[in-house]
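Source file: protein_8.cif (mmCIF, C-alpha atoms)
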```cif
data_target
loop_
_atom_site.group_PDB
_atom_site.id
_atom_site.type_symbol
_atom_site.label_atom_id
_atom_site.label_comp_id
_atom_site.auth_asym_id
_atom_site.auth_seq_id
_atom_site.Cartn_x
_atom_site.Cartn_y
_atom_site.Cartn_z
ATOM 1 C CA MET A 5 -23.569 1.407 -3.870
ATOM 2 C CA ASP A 6 -21.426 -1.589 -3.111
ATOM 3 C CA VAL A 7 -18.658 -0.078 -0.965
ATOM 4 C CA TYR A 8 -18.987 2.219 2.066
ATOM 5 C CA GLN A 9 -16.138 4.437 0.800
ATOM 6 C CA GLN A 10 -18.282 5.322 -2.236
ATOM 7 C CA LYS A 11 -20.936 6.681 0.140
ATOM 8 C CA LEU A 12 -18.319 8.804 1.921
ATOM 9 C CA ASP A 13 -16.930 10.071 -1.388
ATOM 10 C CA ALA A 14 -20.403 11.057 -2.626
ATOM 11 C CA ALA A 15 -21.076 13.106 0.511
ATOM 12 C CA LYS A 16 -17.661 14.753 0.269
ATOM 13 C CA LYS A 17 -18.262 15.705 -3.363
ATOM 14 C CA VAL A 18 -21.654 17.259 -2.578
ATOM 15 C CA ARG A 19 -20.205 19.211 0.390
ATOM 16 C CA LYS A 20 -17.735 20.859 -1.988
ATOM 17 C CA THR A 21 -20.559 22.160 -4.189
ATOM 18 C CA GLU A 22 -20.998 25.917 -4.039
ATOM 19 C CA LYS A 23 -23.647 27.158 -1.576
ATOM 20 C CA VAL A 24 -24.106 23.757 0.085
ATOM 21 C CA GLN A 25 -24.199 24.200 3.843
ATOM 22 C CA GLY A 26 -24.815 20.631 4.949
ATOM 23 C CA VAL A 27 -25.342 17.116 3.698
ATOM 24 C CA ARG A 28 -27.616 14.434 5.079
ATOM 25 C CA ASN A 29 -26.277 11.286 3.504
ATOM 26 C CA LEU A 30 -29.117 8.761 3.119
ATOM 27 C CA ILE A 31 -27.314 6.574 0.594
ATOM 28 C CA GLU A 32 -27.486 2.916 1.559
ATOM 29 C CA VAL A 33 -24.731 0.443 0.850
ATOM 30 C CA SER A 34 -26.058 -2.863 -0.439
ATOM 31 C CA SER A 35 -24.633 -6.068 0.955
ATOM 32 C CA ASN A 36 -25.467 -9.722 1.150
ATOM 33 C CA VAL A 37 -22.290 -10.800 2.969
ATOM 34 C CA PRO A 38 -23.018 -12.643 6.240
ATOM 35 C CA ASP A 39 -21.705 -10.808 9.327
ATOM 36 C CA ALA A 40 -19.468 -13.676 10.467
ATOM 37 C CA GLN A 41 -17.877 -13.962 7.027
ATOM 38 C CA LEU A 42 -17.327 -10.188 6.813
ATOM 39 C CA ALA A 43 -15.794 -10.053 10.313
ATOM 40 C CA ALA A 44 -13.427 -12.931 9.477
ATOM 41 C CA GLN A 45 -12.433 -11.269 6.205
ATOM 42 C CA LEU A 46 -11.744 -7.937 7.929
ATOM 43 C CA ASP A 47 -9.799 -9.579 10.773
ATOM 44 C CA ARG A 48 -7.591 -11.331 8.219
ATOM 45 C CA LYS A 49 -7.018 -8.126 6.232
ATOM 46 C CA LEU A 50 -6.279 -6.090 9.354
ATOM 47 C CA TYR A 51 -3.838 -8.710 10.613
ATOM 48 C CA PHE A 52 -1.731 -8.330 7.470
ATOM 49 C CA ASP A 53 -2.255 -4.570 7.048
ATOM 50 C CA ARG A 54 1.046 -2.693 6.847
ATOM 51 C CA ILE A 55 3.233 -5.799 7.379
ATOM 52 C CA GLY A 56 6.833 -4.632 7.391
ATOM 53 C CA TYR A 57 5.881 -0.993 8.009
ATOM 54 C CA ASP A 58 6.372 -0.704 11.761
ATOM 55 C CA ASN A 59 3.074 -2.345 12.680
ATOM 56 C CA GLU A 60 4.209 -4.502 15.622
ATOM 57 C CA PHE A 61 2.204 -2.409 18.092
ATOM 58 C CA ASN A 62 -1.006 -2.322 16.044
ATOM 59 C CA PHE A 63 -4.012 -4.072 17.551
ATOM 60 C CA VAL A 64 -7.258 -3.363 15.701
ATOM 61 C CA THR A 65 -10.401 -5.466 15.969
ATOM 62 C CA VAL A 66 -13.814 -5.365 14.335
ATOM 63 C CA ALA A 67 -17.307 -6.434 15.268
ATOM 64 C CA VAL A 68 -20.010 -6.687 12.609
ATOM 65 C CA LYS A 69 -23.779 -6.577 13.093
ATOM 66 C CA ASP A 70 -26.075 -6.242 10.070
ATOM 67 C CA GLY A 71 -23.122 -4.986 8.002
ATOM 68 C CA VAL A 72 -22.372 -2.150 10.441
ATOM 69 C CA THR A 73 -18.722 -2.549 11.395
ATOM 70 C CA THR A 74 -17.407 -1.318 14.735
ATOM 71 C CA VAL A 75 -13.647 -0.732 14.729
ATOM 72 C CA SER A 76 -11.712 -0.585 17.987
ATOM 73 C CA GLY A 77 -8.158 -0.988 19.167
ATOM 74 C CA GLU A 78 -4.848 0.802 19.063
ATOM 75 C CA THR A 79 -2.150 1.574 16.531
ATOM 76 C CA ARG A 80 1.320 2.945 17.047
ATOM 77 C CA THR A 81 0.921 5.737 14.485
ATOM 78 C CA GLU A 82 -1.761 7.793 12.787
ATOM 79 C CA VAL A 83 -0.788 6.144 9.512
ATOM 80 C CA GLY A 84 -1.603 2.727 10.973
ATOM 81 C CA ARG A 85 -4.978 3.942 12.233
ATOM 82 C CA ASP A 86 -5.841 5.623 8.932
ATOM 83 C CA SER A 87 -4.745 2.556 6.986
ATOM 84 C CA ALA A 88 -6.945 0.267 9.098
ATOM 85 C CA LEU A 89 -9.982 2.537 8.736
ATOM 86 C CA ALA A 90 -9.427 2.899 4.973
ATOM 87 C CA LEU A 91 -9.175 -0.872 4.652
ATOM 88 C CA VAL A 92 -12.528 -1.290 6.428
ATOM 89 C CA ASN A 93 -14.170 1.532 4.433
ATOM 90 C CA ARG A 94 -13.172 -0.094 1.140
ATOM 91 C CA THR A 95 -14.237 -3.651 1.939
ATOM 92 C CA PRO A 96 -17.352 -4.823 0.084
ATOM 93 C CA GLY A 97 -20.116 -5.757 2.517
ATOM 94 C CA VAL A 98 -19.455 -2.979 5.037
ATOM 95 C CA LYS A 99 -22.598 -0.834 5.246
ATOM 96 C CA ASP A 100 -21.417 1.650 7.886
ATOM 97 C CA VAL A 101 -18.360 2.142 10.100
ATOM 98 C CA VAL A 102 -18.352 3.059 13.776
ATOM 99 C CA ASN A 103 -14.919 4.149 15.021
ATOM 100 C CA GLU A 104 -15.025 3.115 18.653
ATOM 101 C CA GLY A 105 -11.655 4.008 20.069
ATOM 102 C CA ALA A 106 -9.416 3.163 17.129
ATOM 103 C CA ARG A 107 -6.683 5.538 18.196
ATOM 104 C CA PHE A 108 -2.949 5.667 18.079
ATOM 105 C CA TYR A 109 -0.222 5.868 20.678
ATOM 106 C CA ALA A 110 3.176 7.391 20.139
ATOM 107 C CA LYS A 111 5.910 5.433 21.898
ATOM 108 C CA LEU A 112 8.149 7.898 23.718
ATOM 109 C CA ARG A 113 10.860 5.840 25.425
ATOM 110 C CA LYS A 114 11.646 2.554 27.101
ATOM 111 C CA MET A 115 11.370 2.679 30.871
ATOM 112 C CA GLY A 116 12.491 0.155 33.500
ATOM 113 C CA LEU A 117 10.033 -2.682 32.981
ATOM 114 C CA GLY A 118 7.564 -1.133 30.607
ATOM 115 C CA LEU A 119 7.030 1.469 27.954
ATOM 116 C CA GLU A 120 5.711 4.979 28.365
ATOM 117 C CA TYR A 121 3.215 6.128 25.767
ATOM 118 C CA PHE A 122 1.483 9.375 24.985
ATOM 119 C CA ASP A 123 -2.214 8.990 24.199
ATOM 120 C CA VAL A 124 -2.540 11.664 21.513
ATOM 121 C CA GLU A 125 -6.335 11.570 21.435
ATOM 122 C CA HIS A 126 -6.689 12.258 25.164
ATOM 123 C CA GLN A 127 -3.439 14.226 25.585
ATOM 124 C CA ASP A 128 -2.255 12.059 28.452
ATOM 125 C CA PHE A 129 0.623 9.734 29.359
ATOM 126 C CA PHE A 130 0.297 6.143 30.490
ATOM 127 C CA GLU A 131 2.749 3.416 31.339
ATOM 128 C CA GLU A 132 2.545 -0.144 30.194
ATOM 129 C CA GLY A 133 4.283 -3.040 31.833
#
```

Using structure tokens, write down the structure that the file contains.
Amino acid sequence: MDVYQQKLDAAKKVRKTEKVQGVRNLIEVSSNVPDAQLAAQLDRKLYFDRIGYDNEFNFVTVAVKDGVTTVSGETRTEVGRDSALALVNRTPGVKDVVNEGARFYAKLRKMGLGLEYFDVEHQDFFEEG
């Protein structure tokens, strides 16, 4: 397979088969893209992801080692997070994806000098500023 998303789709399809209780996905994604080139390509794509769609608070970064891509950062909405992860999953050269803290924050209201956010993943408030 050439794209990591194809591996995910294959496992999903098998899971939906009647009487299947679990799937151990051993499919390997082939890639000959150098890590530095892949990281630069993903950074560029993520920078322009969702331009014009309320993405001013999105900050998503990637690190690539042997084709395994680690995604980290923050997005303002779930849509932004899902869009960033889908973009990475569908990029040729990505062999596996590790979601290391790519989460989203919902802005609640402006406060004095900063902004108050609700960290949905950890169900907690924090203040920035």

Inset, instruction - Kindly indicate which residue among A:Ala90, A:Lys69, A:Asn103, A:Val7 lies nearest to Pro38 of chain A, using all atoms listed in the file for the distances. - result: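 Checking each of A:Ala90, A:Lys69, A:Asn103, A:Val7 against Pro38 of chain A, counting all atoms listed in the file, the winner is A:Lys69.
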
Find the residues around Val72 of chain A up to 10 Å (all atoms listed in the file counted), leave out those fewer than 6 positions away in its own chain, and share them as a PDB file with C-alpha atoms, in the coordinates of the input.
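part_0.pdb written:
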```
ATOM      1  CA  ASP A  39     -21.705 -10.808   9.327  1.00  0.00           C
ATOM      2  CA  VAL A  66     -13.814  -5.365  14.335  1.00  0.00           C
ATOM      3  CA  GLY A  97     -20.116  -5.757   2.517  1.00  0.00           C
ATOM      4  CA  VAL A  98     -19.455  -2.979   5.037  1.00  0.00           C
ATOM      5  CA  LYS A  99     -22.598  -0.834   5.246  1.00  0.00           C
ATOM      6  CA  ASP A 100     -21.417   1.650   7.886  1.00  0.00           C
ATOM      7  CA  VAL A 101     -18.360   2.142  10.100  1.00  0.00           C
ATOM      8  CA  VAL A 102     -18.352   3.059  13.776  1.00  0.00           C
TER       9      VAL A 102
END
```

Inset, instruction - Would you kindly return, as a PyMOL selection string, each protein, DNA or RNA residue with an atom no farther than 9 Å from any atom of Ala67 of chain A, considering all atoms listed in the file and excluding same-chain residues fewer than 4 positions away? - result: chain A and resi 39-40+43+72-76

Expected axis-aligned box over every listed atom of segment 32-41 of chain A, 8 Å added per side, centre plus edges in Å to one decimal, as lines of an AutoDock Vina configuration file:
```
center_x = -22.7
center_y = -5.5
center_z = 5.0
size_x = 25.6
size_y = 32.9
size_z = 26.9
```

Inset, instruction - Would you kindly return, as a ChimeraX atom specification, each protein, DNA or RNA residue with an atom no farther than 9 Å from any atom of segment 27-34 of chain A, considering all atoms listed in the file and excluding same-chain residues fewer than 6 positions away? - result: /A:5-8,10-12,14-16,18-19,96-100

Inset, instruction - Quote the spacing between atom CA of Thr81 of chain A and atom CA of Asp47 of chain A in Å to one decimal place. - result: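 Rounded to one decimal, the two atoms are 19.1 Å apart.
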
Legend entry - Nearest residue to Gly71 of chain A from the set A:Glu104, A:Leu46, A:Arg94, A:Val37 (distances using all atoms listed in the file): A:Val37

Legend entry - Two-atom distance - atom CA of Lys49 of chain A, atom CA of Val83 of chain A (Å): 15.9 Å

Inset, instruction - Run the PyMOL selection byres ((chain A and resi 64) around 9) on the file and write out the hits as a VMD selection string. - result: chain A and resid 47 50 to 51 62 to 63 65 to 66 75 to 79 85 88 106

Inset, instruction - Would you mind reading off the distance between atom CA of Asn93 of chain A and atom CA of Lys23 of chain A, one decimal, in Å? - result: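 If I compute the distance from atom CA of Asn93 of chain A to atom CA of Lys23 of chain A, I get 28.0 Å.
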